[in-house]
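Peer 1: Dumping the structure here so I can ask a few things about it.
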Amino acid sequence: MDQTTPAISRFNVPDIDQLPPDLRERFLAVQEKSGFIPNVFLALAHRPEECRAFFAHHDALMDKTEGLSKAEREMIVVATSAINGCQYCVVAHGAILRIRAKDPLVADQLAINYRKADITPRQTLMLEFALKVAANSVAVDDADFERLSEAGFDEDAIWDIGAIAAFFAMSNRLANFSSIRPNAEFYSMGR
């Protein structure tokens, strides 16, 4: 049986030395910090301008702590990516969630059934809304906003929940159609 490593994408993946200097610098900084370059970085570098735009939007949504914690932001990614069938994002962001939440179980629980996960009622409500945005955004209505407001989410936090769900719905589709494979390193992180 052939034990070759599958390609990380259906599309051409540039060598790190072929990247524009700004992307190469960013990717090598990530490699220095984590010990590897996430496959999504290399796969998206196939189109440098789109790669830059993708990561600028990602960072704007995921690197702040106002309203939602960084762990809650990752919860949204894992739960919505699971319903979208995105192996890459469930595995990669599951690893980040385990680290940020300091909980080796929560990512697996959310990926399987967020309703049975060991999270707060407020976080369950957050995920209900995020999943509605990811899977049936046309059905979002004023009652959703009222429930979130009553649970203590302000307008900016509600925007972030919806924007993260929407952004990762797009990200999931990119990862799925291009068949981006998760790095093996992600599977054991935070366990």
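Following the order of the structure tokens, first chain is A, next is B, and so on, with residues numbered from 1 inside each chain and ligands from 1 in the order they appear.
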Would you pick out the contacts of A:Ala60 at 12 Å or less, using only C-alpha atoms, so that residues sharing its chain but fewer than 6 positions from it are not included, and give the list as a PyMOL selection string?
Peer 2: chain A and resi 53-54+66+73+160+163-164+167
Peer 1: With only C-alpha atoms as the counted atoms, please give the residues lying no more than 8 Å from A:Val91, apart from itself and same-chain residues fewer than 2 positions off, as a list in words.
Peer 2: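 Residues meeting the cut-off are Gln87, Tyr88, Cys89, His93, Gly94, Ala95, Pro182, Phe186 and Tyr187 of chain A.
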Peer 1: Take atom CA of A:Asp15 and atom CA of A:Ser179 and report the distance between them in Å, one decimal.
Peer 2: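 Atom CA of A:Ser179 lies 18.1 Å from atom CA of A:Asp15.
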Peer 1: What lies within 12 Å of A:Leu23 using only C-alpha atoms, ignoring chain neighbours under 5 positions off, as a PyMOL selection string?
Peer 2: chain A and resi 14-18+28-30+37+41-42+44-53+55-56
